[in-house]
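Visitor: Quick one: structure below, then a few questions.
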Amino acid sequence: YIREQFEAEVHTLYKYKHENLCTLLAHSIDSPNRCLVYELCHNGSIYERLHNHTLPPLTWPQRLGLAIGATKALVFLHTQSPPAVHRDIKSPNILITSDYEAKVSDFGTMREMTTQRTSGAGGAATSMHTQQIIGTHHYVSSL
């Protein structure tokens, strides 16, 4: 299962590129110890900034900017062909750059979806479905 999750994350990171998705710089599959190398987000995660009281609190404009950035990343994923669903969006998986830009990370549980067009009384609609709710441990920054 871990190998499949790793390969899915590598595939996703090379396929989907957006300013608010964490950038994969390199990866290694040469040994049993697989490795992903991401860009460094100097300000940790939203979770760390909200729960670690030794760090300066985020201002309301910073919080709004981070929410908008994370939303842009999800809209990007949902509107691609095929659309993708992250399936593990939470505050530890939204990293903060030195410029206080949001970077959505942890794509191991993301899935590409098939869409279904339906029509009814309200007109045509597109829906996406996932079968399982899953998650992982949060990001740990090593500054």
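Letters A, B, ... go to the chains of the structure tokens in the order shown; residues in each chain start at 1; ligands are counted from 1 in the same order.
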Just the residues within 6 Å of Tyr38 (chain A), please, counting only C-alpha atoms, with nothing from its chain fewer than 4 positions along; format it as a ChimeraX atom specification.
Guide: /A:23-25
Visitor: Taking N, CA and C atoms for each residue, export the selection above as a PDB file, in the first residue's frame.
Guide:
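Final output, again_31.pdb:
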ATOM      1  N   THR A  23       5.570  22.218  -4.756  1.00  0.00           N
ATOM      2  CA  THR A  23       6.371  21.777  -5.892  1.00  0.00           C
ATOM      3  C   THR A  23       7.302  20.631  -5.497  1.00  0.00           C
ATOM      4  N   LEU A  24       7.264  19.569  -6.297  1.00  0.00           N
ATOM      5  CA  LEU A  24       8.183  18.452  -6.110  1.00  0.00           C
ATOM      6  C   LEU A  24       9.474  18.794  -6.838  1.00  0.00           C
ATOM      7  N   LEU A  25      10.599  18.818  -6.097  1.00  0.00           N
ATOM      8  CA  LEU A  25      11.893  19.145  -6.687  1.00  0.00           C
ATOM      9  C   LEU A  25      12.632  17.907  -7.171  1.00  0.00           C
TER      10      LEU A  25
END
